[in-house]
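Listing of my_file.txt; format and content: compact mmCIF, C-alpha atoms and all ligand atoms.
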# COMPACT_ATOMS: atom_id res chain seq x y z
CA MET B 15 -13.08 -26.03 -2.20
CA LEU B 16 -13.05 -23.67 0.75
CA TYR B 17 -11.01 -23.29 3.92
CA ASN B 18 -12.67 -22.77 7.27
CA CYS B 19 -10.29 -20.76 9.43
CA HIS B 20 -12.38 -20.58 12.61
CA THR B 21 -13.79 -23.64 14.42
CA HIS B 22 -14.16 -24.85 17.99
CA THR B 23 -13.85 -28.30 19.51
CA LYS B 24 -14.51 -29.73 22.97
CA ARG B 25 -11.25 -28.06 24.07
CA SER B 26 -13.30 -24.82 24.19
CA HIS B 27 -15.48 -24.24 27.27
CA ASP B 28 -18.59 -23.80 25.11
CA SER B 29 -18.30 -26.79 22.77
CA SER B 30 -18.48 -30.55 23.10
CA ALA B 31 -17.58 -31.27 19.47
CA GLU B 32 -15.10 -34.07 18.77
CA LEU B 33 -12.41 -32.86 16.40
CA GLU B 34 -12.53 -35.98 14.24
CA ASP B 35 -16.33 -35.65 13.86
CA ILE B 36 -15.72 -32.11 12.58
CA VAL B 37 -13.22 -33.43 10.05
CA ILE B 38 -15.73 -36.05 8.81
CA GLU B 39 -18.36 -33.33 8.31
CA ALA B 40 -15.81 -31.08 6.60
CA LEU B 41 -14.89 -33.88 4.18
CA ASP B 42 -18.58 -34.47 3.49
CA ALA B 43 -19.03 -30.78 2.72
CA GLY B 44 -16.02 -30.83 0.37
CA LEU B 45 -13.90 -28.38 2.36
CA SER B 46 -10.21 -28.21 1.48
CA GLY B 47 -9.06 -27.40 4.98
CA VAL B 48 -10.02 -26.57 8.54
CA VAL B 49 -8.17 -24.56 11.19
CA PHE B 50 -9.06 -25.49 14.78
CA THR B 51 -9.09 -22.37 16.89
CA ASP B 52 -10.21 -23.08 20.41
CA HIS B 53 -10.81 -20.22 22.81
CA CYS B 54 -8.05 -18.51 24.68
CA ASP B 55 -10.02 -15.80 26.49
CA CYS B 56 -7.25 -14.06 28.36
CA GLU B 57 -9.35 -12.74 31.25
CA TYR B 58 -9.85 -16.33 32.42
CA HIS B 59 -6.22 -17.38 32.32
CA LYS B 60 -6.01 -17.62 36.12
CA SER B 61 -9.18 -19.66 36.59
CA VAL B 62 -8.96 -21.93 33.53
CA ASP B 63 -5.93 -23.94 32.44
CA ILE B 64 -6.04 -22.59 28.89
CA ILE B 65 -2.58 -23.85 27.96
CA LYS B 66 -3.53 -27.42 28.87
CA GLN B 67 -6.66 -27.16 26.73
CA PHE B 68 -4.98 -25.95 23.58
CA LYS B 69 -2.17 -28.46 23.96
CA LEU B 70 -4.86 -31.15 24.01
CA CYS B 71 -6.34 -29.60 20.87
CA GLU B 72 -2.93 -29.69 19.19
CA LYS B 73 -2.65 -33.42 20.01
CA ASP B 74 -6.14 -33.98 18.60
CA VAL B 75 -5.10 -32.24 15.36
CA LEU B 76 -1.95 -34.39 15.07
CA ARG B 77 -3.97 -37.56 15.61
CA ALA B 78 -6.53 -36.49 13.00
CA LYS B 79 -3.76 -35.69 10.51
CA LYS B 80 -2.56 -39.29 10.82
CA ARG B 81 -6.07 -40.66 10.35
CA PHE B 82 -7.21 -38.45 7.48
CA GLY B 83 -3.88 -38.15 5.73
CA GLY B 84 -3.90 -36.19 2.51
CA SER B 85 -7.66 -35.94 2.08
CA ILE B 86 -7.98 -32.59 3.84
CA GLU B 87 -5.63 -29.99 5.32
CA LEU B 88 -5.90 -29.73 9.10
CA MET B 89 -4.36 -26.89 11.00
CA PHE B 90 -3.92 -25.82 14.60
CA GLY B 91 -4.60 -22.31 15.81
CA ILE B 92 -6.07 -20.30 18.67
CA GLU B 93 -8.71 -17.64 19.06
CA LEU B 94 -6.93 -15.08 21.22
CA GLY B 95 -9.77 -13.32 23.02
CA ASP B 96 -9.71 -10.13 25.08
CA PRO B 97 -5.92 -9.82 25.31
CA LEU B 98 -6.13 -6.38 26.95
CA TYR B 99 -7.34 -8.02 30.16
CA ALA B 100 -4.02 -9.86 30.51
CA PRO B 101 -1.51 -8.39 28.03
CA GLU B 102 1.54 -10.26 29.32
CA PHE B 103 -0.22 -13.60 29.22
CA ALA B 104 -1.54 -12.83 25.73
CA SER B 105 1.90 -11.94 24.38
CA GLU B 106 3.47 -14.98 25.98
CA ILE B 107 0.89 -17.41 24.68
CA THR B 108 1.27 -16.23 21.10
CA SER B 109 5.07 -16.17 21.12
CA ALA B 110 5.87 -19.27 23.19
CA HIS B 111 3.95 -21.78 21.09
CA SER B 112 3.71 -22.58 17.41
CA TYR B 113 0.41 -22.24 15.62
CA ASP B 114 -0.75 -22.23 12.07
CA ALA B 115 -2.98 -19.23 12.74
CA VAL B 116 -3.82 -16.79 15.53
CA LEU B 117 -7.25 -15.16 15.48
CA LEU B 118 -7.81 -11.92 17.40
CA SER B 119 -11.21 -11.39 19.01
CA ILE B 120 -12.98 -9.18 21.49
CA HIS B 121 -15.68 -11.00 23.48
CA ALA B 122 -15.89 -8.66 26.45
CA SER B 123 -15.61 -4.87 26.17
CA ARG B 124 -13.87 -3.10 29.03
CA VAL B 125 -16.99 -1.31 30.27
CA LYS B 126 -17.15 -0.83 34.05
CA ASN B 127 -19.50 -3.35 35.69
CA PHE B 128 -20.14 -5.00 32.31
CA GLU B 129 -16.89 -6.87 31.86
CA THR B 130 -18.55 -10.23 31.29
CA PRO B 131 -18.64 -11.46 27.68
CA PHE B 132 -21.34 -9.68 25.69
CA SER B 133 -22.87 -13.06 24.86
CA VAL B 134 -24.20 -13.17 28.43
CA ILE B 135 -25.24 -9.52 28.83
CA ASP B 136 -28.99 -8.90 28.70
CA PHE B 137 -29.23 -5.91 26.34
CA SER B 138 -33.03 -5.83 26.34
CA LYS B 139 -33.48 -3.10 28.95
CA LEU B 140 -30.27 -1.14 28.64
CA GLU B 141 -30.49 2.48 27.49
CA ASP B 142 -29.67 3.28 23.85
CA GLU B 143 -27.00 5.64 25.11
CA PHE B 144 -25.37 2.85 27.09
CA ILE B 145 -25.45 0.50 24.11
CA ASN B 146 -23.75 3.17 22.03
CA LEU B 147 -21.10 3.59 24.70
CA TYR B 148 -20.69 -0.16 24.93
CA LEU B 149 -20.05 -0.37 21.18
CA LYS B 150 -17.63 2.55 21.32
CA GLN B 151 -15.59 0.69 23.94
CA TYR B 152 -15.70 -2.49 21.84
CA PHE B 153 -14.14 -0.65 18.87
CA ASP B 154 -11.61 1.15 21.11
CA ASP B 155 -10.56 -2.20 22.60
CA MET B 156 -10.34 -3.72 19.15
CA LEU B 157 -8.12 -0.94 17.81
CA GLU B 158 -5.80 -1.07 20.80
CA SER B 159 -5.58 -4.87 20.50
CA VAL B 160 -4.88 -4.72 16.77
CA LYS B 161 -2.04 -2.26 17.43
CA THR B 162 -0.61 -4.17 20.38
CA PHE B 163 -0.74 -7.92 19.78
CA ASP B 164 0.62 -10.46 17.36
CA PHE B 165 -2.13 -12.11 15.29
CA ASP B 166 -3.03 -13.14 11.75
CA ILE B 167 -6.80 -12.77 11.37
CA LEU B 168 -9.17 -10.21 12.84
CA SER B 169 -12.26 -12.20 13.83
CA HIS B 170 -15.93 -11.29 13.71
CA LEU B 171 -15.59 -7.48 13.67
CA THR B 172 -18.87 -5.90 14.95
CA VAL B 173 -20.02 -9.16 16.58
CA PRO B 174 -21.68 -7.51 19.63
CA LEU B 175 -24.45 -6.75 17.12
CA ARG B 176 -25.18 -10.49 16.97
CA TYR B 177 -26.48 -10.17 20.52
CA ILE B 178 -27.69 -6.55 20.64
CA GLU B 179 -29.60 -6.70 17.34
CA LEU B 180 -30.23 -10.35 16.49
CA VAL B 181 -30.85 -11.73 19.98
CA TYR B 182 -32.39 -8.71 21.74
CA GLY B 183 -33.87 -6.93 18.73
CA ARG B 184 -32.36 -3.59 19.68
CA LYS B 185 -31.65 -1.05 16.97
CA THR B 186 -28.20 0.51 16.93
CA ASP B 187 -26.75 3.42 15.05
CA ILE B 188 -23.71 1.56 13.81
CA LYS B 189 -22.91 4.32 11.31
CA LYS B 190 -21.78 6.46 14.24
CA HIS B 191 -18.96 3.98 14.65
CA TYR B 192 -17.88 3.88 11.01
CA PRO B 193 -14.92 6.24 11.62
CA ALA B 194 -13.66 3.88 14.35
CA ILE B 195 -14.23 0.86 12.10
CA GLU B 196 -12.37 2.58 9.28
CA THR B 197 -9.40 3.21 11.56
CA ILE B 198 -9.32 -0.48 12.53
CA LEU B 199 -9.51 -1.56 8.89
CA ARG B 200 -6.73 0.83 7.90
CA GLU B 201 -4.58 -0.58 10.69
CA ILE B 202 -5.04 -4.22 9.66
CA ILE B 203 -4.31 -3.32 6.02
CA LYS B 204 -1.16 -1.50 7.12
CA ARG B 205 -0.08 -4.51 9.17
CA HIS B 206 -0.96 -7.01 6.37
CA LYS B 207 -3.52 -8.82 8.51
CA THR B 208 -6.59 -10.64 7.26
CA LEU B 209 -10.25 -9.79 7.76
CA GLU B 210 -12.48 -12.71 8.68
CA ILE B 211 -15.98 -13.04 7.33
CA ASN B 212 -17.73 -14.81 10.16
CA THR B 213 -20.64 -16.91 8.99
CA ALA B 214 -21.95 -18.28 12.31
CA SER B 215 -25.21 -16.32 12.07
CA VAL B 216 -26.07 -17.31 8.50
CA GLU B 217 -29.42 -19.09 8.32
CA LYS B 218 -31.60 -20.11 5.41
CA GLY B 219 -32.93 -16.87 3.94
CA ARG B 220 -30.81 -14.77 6.29
CA GLU B 221 -27.33 -14.05 5.06
CA VAL B 222 -25.87 -12.14 7.97
CA PHE B 223 -22.12 -11.88 8.13
CA PHE B 224 -19.86 -10.30 10.73
CA PRO B 225 -18.73 -7.86 9.53
CA ASP B 226 -21.57 -7.08 7.12
CA GLU B 227 -21.42 -6.16 3.46
CA LYS B 228 -21.11 -2.40 4.04
CA ILE B 229 -18.01 -2.92 6.14
CA ILE B 230 -16.62 -5.43 3.65
CA ASP B 231 -17.08 -2.72 0.99
CA MET B 232 -15.33 -0.20 3.24
CA TYR B 233 -12.36 -2.58 3.63
CA LEU B 234 -12.19 -3.07 -0.15
CA SER B 235 -12.38 0.65 -0.83
CA LEU B 236 -9.47 1.21 1.57
CA GLY B 237 -7.38 -1.30 -0.38
CA GLY B 238 -7.99 -4.39 1.76
CA LYS B 239 -7.92 -7.67 -0.13
CA ASP B 240 -7.21 -10.50 2.33
CA PHE B 241 -10.29 -12.35 3.53
CA SER B 242 -10.65 -15.57 5.48
CA LEU B 243 -13.88 -17.44 5.99
CA GLY B 244 -14.87 -18.76 9.41
CA SER B 245 -18.00 -20.59 10.46
CA ASP B 246 -17.02 -20.17 14.14
CA SER B 247 -18.77 -23.50 14.60
CA HIS B 248 -19.07 -25.15 17.98
CA THR B 249 -20.59 -28.37 16.57
CA ALA B 250 -19.42 -30.78 13.87
CA LYS B 251 -22.54 -30.13 11.77
CA GLY B 252 -21.89 -26.39 11.68
CA VAL B 253 -18.45 -26.65 10.11
CA SER B 254 -19.48 -25.56 6.61
CA LYS B 255 -22.35 -23.26 7.58
CA GLY B 256 -22.44 -20.07 5.53
CA LEU B 257 -19.04 -20.51 3.90
CA LYS B 258 -20.37 -20.87 0.36
CA GLU B 259 -22.63 -17.84 0.83
CA ALA B 260 -19.66 -15.76 2.00
CA ALA B 261 -17.54 -16.96 -0.94
CA GLU B 262 -20.37 -15.99 -3.32
CA LEU B 263 -20.55 -12.54 -1.79
CA LEU B 264 -16.81 -12.04 -2.25
CA LYS B 265 -16.90 -13.31 -5.83
CA SER B 266 -19.75 -10.89 -6.61
CA LYS B 267 -17.33 -8.11 -5.61
CA GLY B 268 -14.58 -9.39 -7.87
CA ILE B 269 -12.63 -11.14 -5.11
CA ASP B 270 -11.62 -14.54 -6.44
CA GLU B 271 -9.18 -15.57 -3.73
CA GLY B 272 -9.49 -16.33 -0.05
CA VAL B 273 -6.65 -16.85 2.39
CA TYR B 274 -5.78 -19.32 5.11
CA TYR B 275 -2.68 -19.71 7.22
CA LYS B 276 -0.16 -22.46 7.70
CA ASN B 277 2.77 -21.99 10.09
CA ARG B 278 1.54 -18.40 10.38
CA LYS B 279 2.14 -17.82 6.67
CA LYS B 280 -0.65 -16.45 4.51
CA ILE B 281 -1.68 -18.75 1.67
CA GLU B 282 -4.06 -17.75 -1.10
CA TYR B 283 -6.55 -20.16 -2.65
CA SER B 284 -9.13 -19.84 -5.37
CA LEU B 285 -12.75 -19.26 -4.32
CA LYS B 286 -13.85 -20.43 -7.72
CA GLY B 287 -13.45 -24.14 -6.83
ZN ZN V 1 -15.19 -15.38 19.00
ZN ZN V 2 -14.85 -18.48 17.91
Kindly return the structure encoded in the file as structure tokens.
Ligand SMILES: [Zn+2]
Ligand SMILES: [Zn+2]
Amino acid sequence: MLYNCHTHTKRSHDSSAELEDIVIEALDAGLSGVVFTDHCDCEYHKSVDIIKQFKLCEKDVLRAKKRFGGSIELMFGIELGDPLYAPEFASEITSAHSYDAVLLSIHASRVKNFETPFSVIDFSKLEDEFINLYLKQYFDDMLESVKTFDFDILSHLTVPLRYIELVYGRKTDIKKHYPAIETILREIIKRHKTLEINTASVEKGREVFFPDEKIIDMYLSLGGKDFSLGSDSHTAKGVSKGLKEAAELLKSKGIDEGVYYKNRKKIEYSLKG
């Protein structure tokens, strides 16, 4: 009986999923709850009517709550992306509206001439040194965002590796960045925020989480204990992808509770089912 705290619907630019189809799949998979967290990538706030989109998502959630009643918990949130590109907009959007949960993400590092989201950067021919610098900026941006903005869950920490390593097959020396990662983890522990285990890249026989097990261990060794699970799905079918695997990993480390948010309040639930 798990909660998925990170999903996208057609109110995100990169999804065409109907919210009610996601709920039907979630019920089929036996999930206890889903948080809908459409994109709010702040660098696009002038070219895309983000507020209109998430208000439509909120309406979709209310409609689904009426239809599905008490059979599953449905919650409304946002994925606040790249707030450093438009800090005032980011602060306003989190304070002026009510959400169940706010996710914090970096999708585009502030690297000169490479400000597009890393999902569309071709890393295949870039120098190792550049990739290292790119990652350094990603972690710097993440730390500054964690310190600056209001949020509940830190999403998909280290996710540029999904593209650099998994898509383009480039090797990185991520250990070089462990001190920066440790600083970020210490900061979210200090601020009582939650670390997401993002399961979007889990495939049969390939249990890849963002962040990975070593970083999960680092968080635990620093005293972190609050984890949310997020499939980061952009289709209805993907809503439960990898969640059980992530829950198993946590249980193998003695973590028996996950968290989700309602009205921005942290709620613990048992991972044991
Ligand atoms: Zn994201
Ligand atoms: Zn997402």
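The spacing separating CA of Tyr99 (chain B) from CA of Phe144 (chain B) amounts to 21.3 Å.
Pairwise distance (CA of Ser242 (chain B), CA of Ile64 (chain B)) equals 24.9 Å.
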Proximity of region 149-215 of chain B to region 77-91 of chain B: per-residue shortest pair, 12 Å limit, all atoms listed in the file, as a Markdown table:
| residue | atom | partner | partner_atom | distance |
| --- | --- | --- | --- | --- |
| B:Phe165 | CA | B:Gly91 | CA | 10.5 |
| B:Asp166 | CA | B:Gly91 | CA | 10.2 |
| B:Ile167 | CA | B:Gly91 | CA | 10.8 |
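For Ser133 (chain B), the non-local neighbours within 8 Å, defined as residues at least 5 positions apart in the same chain or in other chains and counting all atoms listed in the file, are His121, Pro174 and Tyr177 of chain B.
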Select from chain B every residue with an atom at most 9 Å from any atom of ligand ZN 1 (chain V), then for each give the shortest pair of atoms and their distance in Å to one decimal, using only C-alpha atoms and all ligand atoms, rows by chain and rising number, as a tab-separated table.
residue	atom	partner	partner_atom	distance
B:His20	CA	V:ZN1	ZN	8.7
B:His53	CA	V:ZN1	ZN	7.6
B:Glu93	CA	V:ZN1	ZN	6.9
B:Leu94	CA	V:ZN1	ZN	8.6
B:Gly95	CA	V:ZN1	ZN	7.1
B:Leu117	CA	V:ZN1	ZN	8.7
B:Leu118	CA	V:ZN1	ZN	8.3
B:Ser119	CA	V:ZN1	ZN	5.6
B:Ile120	CA	V:ZN1	ZN	7.0
B:His121	CA	V:ZN1	ZN	6.3
B:Ser169	CA	V:ZN1	ZN	6.7
B:His170	CA	V:ZN1	ZN	6.7
B:Val173	CA	V:ZN1	ZN	8.2
B:Asp246	CA	V:ZN1	ZN	7.1
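Straight-line separation from CA of Ile178 (chain B) to CA of Phe137 (chain B): 5.9 Å.
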B:Ser26, B:Asn127, B:Ser109, B:Thr197 ranked by distance to Cys71 (chain B), top pick (using only C-alpha atoms): B:Ser26
Using all atoms listed in the file: which of B:Ile135, B:Leu157, B:Ala260, B:Cys54 has the shortest distance to ligand ZN 2 (chain V): B:Cys54
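Within the 8 Å cut-off around region 32-40 of chain B, using all atoms listed in the file and omitting residues fewer than 2 positions from it on the same chain, the listed residues are Thr23, Lys24, Ser30, Asp42, Ala43, Gly44, Leu45, Gly47, Val48, Asp74, Val75, Ala78, Thr249, Ala250, Lys251, Val253 and Ser254 of chain B.
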Near Gly183 (chain B), within 12 Å and counting only C-alpha atoms, which residues show up once chain neighbours fewer than 3 positions away are dropped, as a CSV table (one decimal) with C-alpha atoms, keeping the file's coordinate frame?
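Generated output (result_23.csv):
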chain,number,residue,atom,x,y,z
B,136,ASP,CA,-29.0,-8.9,28.7
B,137,PHE,CA,-29.2,-5.9,26.3
B,138,SER,CA,-33.0,-5.8,26.3
B,139,LYS,CA,-33.5,-3.1,29.0
B,175,LEU,CA,-24.4,-6.8,17.1
B,176,ARG,CA,-25.2,-10.5,17.0
B,177,TYR,CA,-26.5,-10.2,20.5
B,178,ILE,CA,-27.7,-6.6,20.6
B,179,GLU,CA,-29.6,-6.7,17.3
B,180,LEU,CA,-30.2,-10.4,16.5
B,186,THR,CA,-28.2,0.5,16.9
Pick from B:Ser266, B:Ser245, B:Ser112, B:Thr172 nearest to ligand ZN 2 (chain V), counting all atoms listed in the file: B:Ser245
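Nearest to ligand ZN 2 (chain V) of all the residues B:Lys267, B:Arg205, B:His248, B:Lys279 is B:His248, counting all atoms listed in the file.
Within the 12 Å cut-off around Thr162 (chain B), using only C-alpha atoms and omitting residues fewer than 2 positions from it on the same chain, the listed residues are Asp96, Pro97, Leu98, Pro101, Glu102, Ala104, Ser105, Leu118, Asp155, Met156, Leu157, Glu158, Ser159, Val160, Asp164, Phe165, Glu201, Ile202 and Arg205 of chain B.
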Would you mind exporting the chosen residues as a PDB file, keeping the file's coordinate frame, restricted to C-alpha atoms?
ATOM      1  CA  ASP B  96      -9.710 -10.130  25.080  1.00  0.00           C
ATOM      2  CA  PRO B  97      -5.920  -9.820  25.310  1.00  0.00           C
ATOM      3  CA  LEU B  98      -6.130  -6.380  26.950  1.00  0.00           C
ATOM      4  CA  PRO B 101      -1.510  -8.390  28.030  1.00  0.00           C
ATOM      5  CA  GLU B 102       1.540 -10.260  29.320  1.00  0.00           C
ATOM      6  CA  ALA B 104      -1.540 -12.830  25.730  1.00  0.00           C
ATOM      7  CA  SER B 105       1.900 -11.940  24.380  1.00  0.00           C
ATOM      8  CA  LEU B 118      -7.810 -11.920  17.400  1.00  0.00           C
ATOM      9  CA  ASP B 155     -10.560  -2.200  22.600  1.00  0.00           C
ATOM     10  CA  MET B 156     -10.340  -3.720  19.150  1.00  0.00           C
ATOM     11  CA  LEU B 157      -8.120  -0.940  17.810  1.00  0.00           C
ATOM     12  CA  GLU B 158      -5.800  -1.070  20.800  1.00  0.00           C
ATOM     13  CA  SER B 159      -5.580  -4.870  20.500  1.00  0.00           C
ATOM     14  CA  VAL B 160      -4.880  -4.720  16.770  1.00  0.00           C
ATOM     15  CA  ASP B 164       0.620 -10.460  17.360  1.00  0.00           C
ATOM     16  CA  PHE B 165      -2.130 -12.110  15.290  1.00  0.00           C
ATOM     17  CA  GLU B 201      -4.580  -0.580  10.690  1.00  0.00           C
ATOM     18  CA  ILE B 202      -5.040  -4.220   9.660  1.00  0.00           C
ATOM     19  CA  ARG B 205      -0.080  -4.510   9.170  1.00  0.00           C
TER      20      ARG B 205
END
Surrounding residues of Lys255 (chain B) excluding itself and chain neighbours under 2 positions, 8 Å, all atoms listed in the file, as a list in words: Thr213, Ala214, Val216, Ser245, Ser247, Gly252, Val253, Leu257 and Lys258 of chain B
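In this comparison, which uses all atoms listed in the file, the residue of B:Leu243, B:Ile65, B:Val49, B:Cys56 approaching Leu285 (chain B) most closely is B:Leu243.
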Using only C-alpha atoms and all ligand atoms: which of B:Ala122, B:Val222, B:Cys19, B:Ala110 has the shortest distance to ligand ZN 2 (chain V): B:Cys19
